[in-house]
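To start, the structure itself, in structure tokens.
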Amino acid sequence: MRGKLMIGNWKMNGSLAANASLLTDLLADSVDVYCRSAVCVPSLYLAQMQSLLTGTSIALGAQDVSAHEDGAYTGEVSATMLRDFAVRYCIVGHSERRQYHAESDMLVASKAQRALAAGITPIVCVGESLAEREAGQTEVVVKRQLAAVIHANGHCISEIVVAYEPVWAIGTGLTATPEQAQKVHAVLRAQLQVATAHADRVSILYGGSMNAANAADLLAQTDVDGGLIGGAALKAPDFLSMLKTASR
Ligand code: 13P
């Protein structure tokens, strides 16, 4: 059994004070939380969060990683640097990076490779835009995005986490219906099955306006193994409620 995995993506939010306060609130009421969980924080706060999360059941995650090992890449953070801060997960290919930083499928695949080489689990994001969905291209797009990562990572592919995040659902309040999510997750699972005998080990998360009200229905789907949560992960009561839902 995969068990549920719930990950908060804080994006470019937080401060030393706000992070400490959010974490205090999360840990104060975590009695019924048994699912796997993590928070992906801005790089500058990895040291703070490493210290605050030590001894807790919440793992530490980053939001991006360089495709390069080291060297003259101003502003970038390498996978081995992330490892120094006990980072367990790293988001790669989030649609905000694909969109605002022109990240290609190839680059995302290289980032996943760097993370895996450093012993960090990449959370590979895939998802279609509204125009692509309306043009009936959803499956083509997500399969193309995942294919690049499968191609670059060969037998390690069962070590990744996949997040299906329809771009039109991110931060918009629009959520894929549980049926829409399941349909795409099943396509991704089938694609992984062709690549590895261990596809059933891969957690496929849903992301895009997941919240305390819709989490249960989404998580009830066969191939929805958890969530990658943005806005609702910044509110302790909401994130806790979702962690508890995933623990049932
Ligand atoms: P929201 O939950 O705010 O829609 O963000 C989803 C997301 O992009 C998580 O990576």
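In the structure tokens, chains take the letters A, B, ... in the order shown, each chain's residues start at 1, and ligands count up from 1 in the order shown.
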
Would you name the residues within 9 Å of ligand 1, counting only C-alpha atoms and all ligand atoms, and put them as a PyMOL selection string? chain A and resi 7-11+63+91+94-96+125+163+165-175+206-211+227-233

Those residues with C-alpha atoms, as a PDB file, in the first residue's frame please?
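The file below, again.pdb, is the result:
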ATOM      1  CA  ILE A   7       2.564  18.112   0.808  1.00  0.00           C
ATOM      2  CA  GLY A   8       2.217  21.828   1.401  1.00  0.00           C
ATOM      3  CA  ASN A   9       3.814  24.054  -1.224  1.00  0.00           C
ATOM      4  CA  TRP A  10       4.317  27.383   0.480  1.00  0.00           C
ATOM      5  CA  LYS A  11       5.444  29.027  -2.776  1.00  0.00           C
ATOM      6  CA  GLN A  63      10.455  24.069  -4.345  1.00  0.00           C
ATOM      7  CA  ILE A  91       9.281  19.985  -6.442  1.00  0.00           C
ATOM      8  CA  HIS A  94       5.884  23.295 -11.175  1.00  0.00           C
ATOM      9  CA  SER A  95       3.712  25.063 -13.744  1.00  0.00           C
ATOM     10  CA  GLU A  96       4.734  28.420 -12.277  1.00  0.00           C
ATOM     11  CA  CYS A 125       4.564  18.316 -11.639  1.00  0.00           C
ATOM     12  CA  ALA A 163       1.823  15.615  -9.007  1.00  0.00           C
ATOM     13  CA  GLU A 165      -1.729  19.930 -11.256  1.00  0.00           C
ATOM     14  CA  PRO A 166      -4.087  21.223 -13.938  1.00  0.00           C
ATOM     15  CA  VAL A 167      -2.873  24.778 -14.529  1.00  0.00           C
ATOM     16  CA  TRP A 168      -6.435  26.098 -14.692  1.00  0.00           C
ATOM     17  CA  ALA A 169      -7.078  24.837 -11.157  1.00  0.00           C
ATOM     18  CA  ILE A 170      -4.044  26.388  -9.463  1.00  0.00           C
ATOM     19  CA  GLY A 171      -4.935  29.283  -7.200  1.00  0.00           C
ATOM     20  CA  THR A 172      -8.198  29.814  -9.046  1.00  0.00           C
ATOM     21  CA  GLY A 173     -10.686  28.111  -6.736  1.00  0.00           C
ATOM     22  CA  LEU A 174     -11.546  25.805  -9.650  1.00  0.00           C
ATOM     23  CA  THR A 175     -10.823  22.180  -8.812  1.00  0.00           C
ATOM     24  CA  TYR A 206      -3.417  15.943  -7.044  1.00  0.00           C
ATOM     25  CA  GLY A 207      -2.858  19.705  -6.815  1.00  0.00           C
ATOM     26  CA  GLY A 208      -5.003  22.693  -7.734  1.00  0.00           C
ATOM     27  CA  SER A 209      -7.315  24.417  -5.255  1.00  0.00           C
ATOM     28  CA  MET A 210      -7.423  21.363  -3.019  1.00  0.00           C
ATOM     29  CA  ASN A 211      -8.932  22.402   0.282  1.00  0.00           C
ATOM     30  CA  GLY A 227      -2.238  16.240  -2.436  1.00  0.00           C
ATOM     31  CA  LEU A 228       0.143  19.050  -3.332  1.00  0.00           C
ATOM     32  CA  ILE A 229      -1.500  21.970  -1.642  1.00  0.00           C
ATOM     33  CA  GLY A 230      -0.798  25.673  -2.116  1.00  0.00           C
ATOM     34  CA  GLY A 231      -3.041  28.284  -0.521  1.00  0.00           C
ATOM     35  CA  ALA A 232      -4.773  25.965   1.951  1.00  0.00           C
ATOM     36  CA  ALA A 233      -1.402  24.759   3.307  1.00  0.00           C
TER      37      ALA A 233
END

Excluding Glu76 (chain A) and its own-chain neighbours fewer than 4 positions away, which residues fall within 10 Å of it when counting only C-alpha atoms? Please give them as an NGL selection string. :A and (64-68 or 70-72)

Emit the selected residues as an mmCIF file, in the first residue's frame, including C-alpha atoms.
data_model
loop_
_atom_site.group_PDB
_atom_site.id
_atom_site.type_symbol
_atom_site.label_atom_id
_atom_site.label_comp_id
_atom_site.auth_asym_id
_atom_site.auth_seq_id
_atom_site.Cartn_x
_atom_site.Cartn_y
_atom_site.Cartn_z
ATOM 1 C CA ASP A 64 13.101 23.816 -7.064
ATOM 2 C CA VAL A 65 16.648 22.581 -7.705
ATOM 3 C CA SER A 66 19.345 23.368 -10.231
ATOM 4 C CA ALA A 67 19.841 21.007 -13.161
ATOM 5 C CA HIS A 68 23.596 21.517 -12.689
ATOM 6 C CA ASP A 70 27.786 22.858 -9.112
ATOM 7 C CA GLY A 71 29.708 25.786 -10.555
ATOM 8 C CA ALA A 72 29.042 29.175 -12.117
#

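The shortest atom-to-atom distance to Leu130 (chain A), with only C-alpha atoms taken into account, belongs to A:Ala176 out of A:Gln182, A:Ala176, A:His151, A:Ser110.
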
With DSSP run on the backbone, what are the helix (DSSP H, G or I) residues within region 138-244 of chain A? I'd like them as an MDAnalysis selection string. chainID A and resid 138:159 167:169 178:195 199:201 215:219 231:234 236:244

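The residue set within 9 Å of Met106 (chain A), counting only C-alpha atoms and dropping same-chain residues fewer than 2 places from it, reads Glu103, Ser104, Val108, Ala109, Ser110, Lys111, Gln145, Ala148, Val149 and Ala152 of chain A.
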
Could you name the residues that touch region 153-160 of chain A at 7 Å or less, counting only C-alpha atoms, but leaving out those on the same chain fewer than 2 positions away, as a ChimeraX atom specification? /A:113,121-123,149-151,162,196,198-199,201-202

As JSON, numbers by chain, please: every residue in region 15-65 of chain A that DSSP puts in strand (DSSP E or B). {"A": [36, 37, 38, 39, 40, 58, 59, 60, 61, 62]}

Please provide the set of residues having any atom within 12 Å of Val140 (chain A), restricted to only C-alpha atoms, with same-chain residues fewer than 3 positions apart removed, written as JSON, numbers by chain. {"A": [126, 127, 128, 129, 132, 133, 135, 136, 137, 143, 144, 145, 146, 147, 184, 187, 188, 191]}

Can you list, as a PyMOL selection string, every protein, DNA or RNA residue that comes within 12 Å of Ala216 (chain A) when you count only C-alpha atoms, leaving out same-chain residues fewer than 5 positions away? chain A and resi 4+177-178+206+210-211+221+224-227+241-248

Using the selection just defined, write its residues with C-alpha atoms as a compact mmCIF listing (two decimals), in the first residue's frame.
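Below is the file out26.txt, written as the result:
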# COMPACT_ATOMS: atom_id res chain seq x y z
CA LYS A 4 -1.40 8.98 1.49
CA THR A 177 -13.69 16.95 -10.20
CA PRO A 178 -12.69 13.69 -8.52
CA TYR A 206 -3.42 15.94 -7.04
CA MET A 210 -7.42 21.36 -3.02
CA ASN A 211 -8.93 22.40 0.28
CA GLN A 221 -10.14 8.07 -5.90
CA VAL A 224 -5.15 9.83 -6.04
CA ASP A 225 -2.47 9.15 -3.45
CA GLY A 226 -2.40 12.54 -1.78
CA GLY A 227 -2.24 16.24 -2.44
CA SER A 241 -8.00 19.11 8.48
CA MET A 242 -6.66 17.78 5.18
CA LEU A 243 -3.90 15.82 6.92
CA LYS A 244 -6.54 14.23 9.13
CA THR A 245 -8.75 13.42 6.17
CA ALA A 246 -5.79 11.73 4.49
CA SER A 247 -5.08 9.77 7.68
CA ARG A 248 -8.49 8.09 7.79

Just give me the gap between CA of Asn19 (chain A) and CA of Ala215 (chain A) in Å, one decimal is fine. 23.5 Å
